[in-house]
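Everything below belongs to model.pdb, which stores PDB, C-alpha atoms.
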```pdb
ATOM      1  CA  MET C  12      19.269 181.166  45.615  1.00  0.00           C
ATOM      2  CA  LEU C  13      22.855 180.082  45.029  1.00  0.00           C
ATOM      3  CA  GLY C  14      22.323 176.996  47.147  1.00  0.00           C
ATOM      4  CA  ILE C  15      21.995 179.048  50.344  1.00  0.00           C
ATOM      5  CA  GLY C  16      19.080 178.109  52.547  1.00  0.00           C
ATOM      6  CA  HIS C  17      17.101 180.292  54.904  1.00  0.00           C
ATOM      7  CA  TRP C  18      19.126 179.313  57.974  1.00  0.00           C
ATOM      8  CA  GLU C  19      22.453 179.984  56.293  1.00  0.00           C
ATOM      9  CA  LEU C  20      21.245 183.398  55.105  1.00  0.00           C
ATOM     10  CA  LEU C  21      19.978 184.217  58.599  1.00  0.00           C
ATOM     11  CA  LEU C  22      23.342 183.208  60.077  1.00  0.00           C
ATOM     12  CA  ILE C  23      25.231 185.419  57.597  1.00  0.00           C
ATOM     13  CA  VAL C  24      22.984 188.408  58.394  1.00  0.00           C
ATOM     14  CA  LEU C  25      23.440 187.793  62.118  1.00  0.00           C
ATOM     15  CA  VAL C  26      27.228 187.746  61.774  1.00  0.00           C
ATOM     16  CA  ILE C  27      27.113 190.992  59.763  1.00  0.00           C
ATOM     17  CA  PHE C  28      25.014 192.649  62.469  1.00  0.00           C
ATOM     18  CA  ILE C  29      27.406 191.461  65.169  1.00  0.00           C
ATOM     19  CA  LEU C  30      30.465 192.759  63.303  1.00  0.00           C
ATOM     20  CA  PHE C  31      29.040 196.024  61.953  1.00  0.00           C
ATOM     21  CA  GLY C  32      25.977 196.621  64.147  1.00  0.00           C
ATOM     22  CA  HIS C  33      26.739 200.058  65.535  1.00  0.00           C
ATOM     23  CA  ARG C  34      28.580 201.184  62.389  1.00  0.00           C
ATOM     24  CA  LEU C  35      26.126 199.749  59.853  1.00  0.00           C
ATOM     25  CA  PRO C  36      24.247 203.020  59.125  1.00  0.00           C
ATOM     26  CA  SER C  37      27.476 204.909  58.435  1.00  0.00           C
ATOM     27  CA  VAL C  38      28.836 202.053  56.321  1.00  0.00           C
ATOM     28  CA  MET C  39      25.663 201.966  54.220  1.00  0.00           C
ATOM     29  CA  ARG C  40      25.663 205.771  53.894  1.00  0.00           C
ATOM     30  CA  SER C  41      29.238 205.829  52.617  1.00  0.00           C
ATOM     31  CA  LEU C  42      28.500 202.937  50.256  1.00  0.00           C
ATOM     32  CA  GLY C  43      25.521 204.839  48.849  1.00  0.00           C
ATOM     33  CA  ARG C  44      27.625 207.976  48.364  1.00  0.00           C
ATOM     34  CA  GLY C  45      30.220 205.919  46.535  1.00  0.00           C
ATOM     35  CA  VAL C  46      27.621 204.484  44.178  1.00  0.00           C
ATOM     36  CA  VAL C  47      26.189 207.963  43.476  1.00  0.00           C
ATOM     37  CA  GLU C  48      29.657 209.383  42.804  1.00  0.00           C
ATOM     38  CA  PHE C  49      30.433 206.470  40.497  1.00  0.00           C
ATOM     39  CA  LYS C  50      27.237 207.011  38.507  1.00  0.00           C
ATOM     40  CA  GLU C  51      27.893 210.758  38.275  1.00  0.00           C
ATOM     41  CA  GLY C  52      31.439 210.059  37.142  1.00  0.00           C
ATOM     42  CA  MET C  53      30.271 207.678  34.446  1.00  0.00           C
ATOM     43  CA  SER C  54      27.704 210.149  33.120  1.00  0.00           C
ATOM     44  CA  GLY C  55      30.276 212.944  33.360  1.00  0.00           C
ATOM     45  CA  VAL C  56      32.690 210.990  31.172  1.00  0.00           C
ATOM     46  CA  ASN C  57      29.996 210.565  28.546  1.00  0.00           C
ATOM     47  CA  LYS C  58      29.085 214.259  28.700  1.00  0.00           C
ATOM     48  CA  ASP C  59      32.731 215.281  28.399  1.00  0.00           C
ATOM     49  CA  GLU C  60      33.203 213.022  25.363  1.00  0.00           C
ATOM     50  CA  GLU C  61      30.075 214.409  23.690  1.00  0.00           C
ATOM     51  CA  ALA C  62      31.182 217.985  24.364  1.00  0.00           C
ATOM     52  CA  GLY C  63      34.592 217.250  22.848  1.00  0.00           C
ATOM     53  CA  GLU C  64      33.019 215.736  19.744  1.00  0.00           C
ATOM     54  CA  LYS C  65      30.743 218.763  19.246  1.00  0.00           C
ATOM     55  CA  LYS C  66      33.706 221.148  19.474  1.00  0.00           C
ATOM     56  CA  ASP C  67      35.654 219.112  16.895  1.00  0.00           C
ATOM     57  CA  ALA C  68      32.768 219.038  14.414  1.00  0.00           C
TER      58      ALA C  68
END
```

Using the file provided, produce a representation of the structure as structure tokens.
Amino acid sequence: MLGIGHWELLLIVLVIFILFGHRLPSVMRSLGRGVVEFKEGMSGVNKDEEAGEKKDA
């Protein structure tokens, strides 16, 4: 896995928990909302393009 062993991965996770421990749920929640909004935006662009093409035809 990218040359990262189990101990290195455990150390990285530990550092993340130390830095973001109490804020981690809110950070993950906002990240999830961002991903959902991005996906909705991408599908909205496709829907808008299709609607424009149908009106032109």

What is the CA of Val46 in chain C to CA of Glu19 in chain C distance in Å? 27.8 Å

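Interatomic distance, CA of Leu21 in chain C to CA of Gly45 in chain C: 26.9 Å.
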
Atomic separation - CA of Val38 in chain C relative to CA of Ile23 in chain C, Å: 17.1 Å
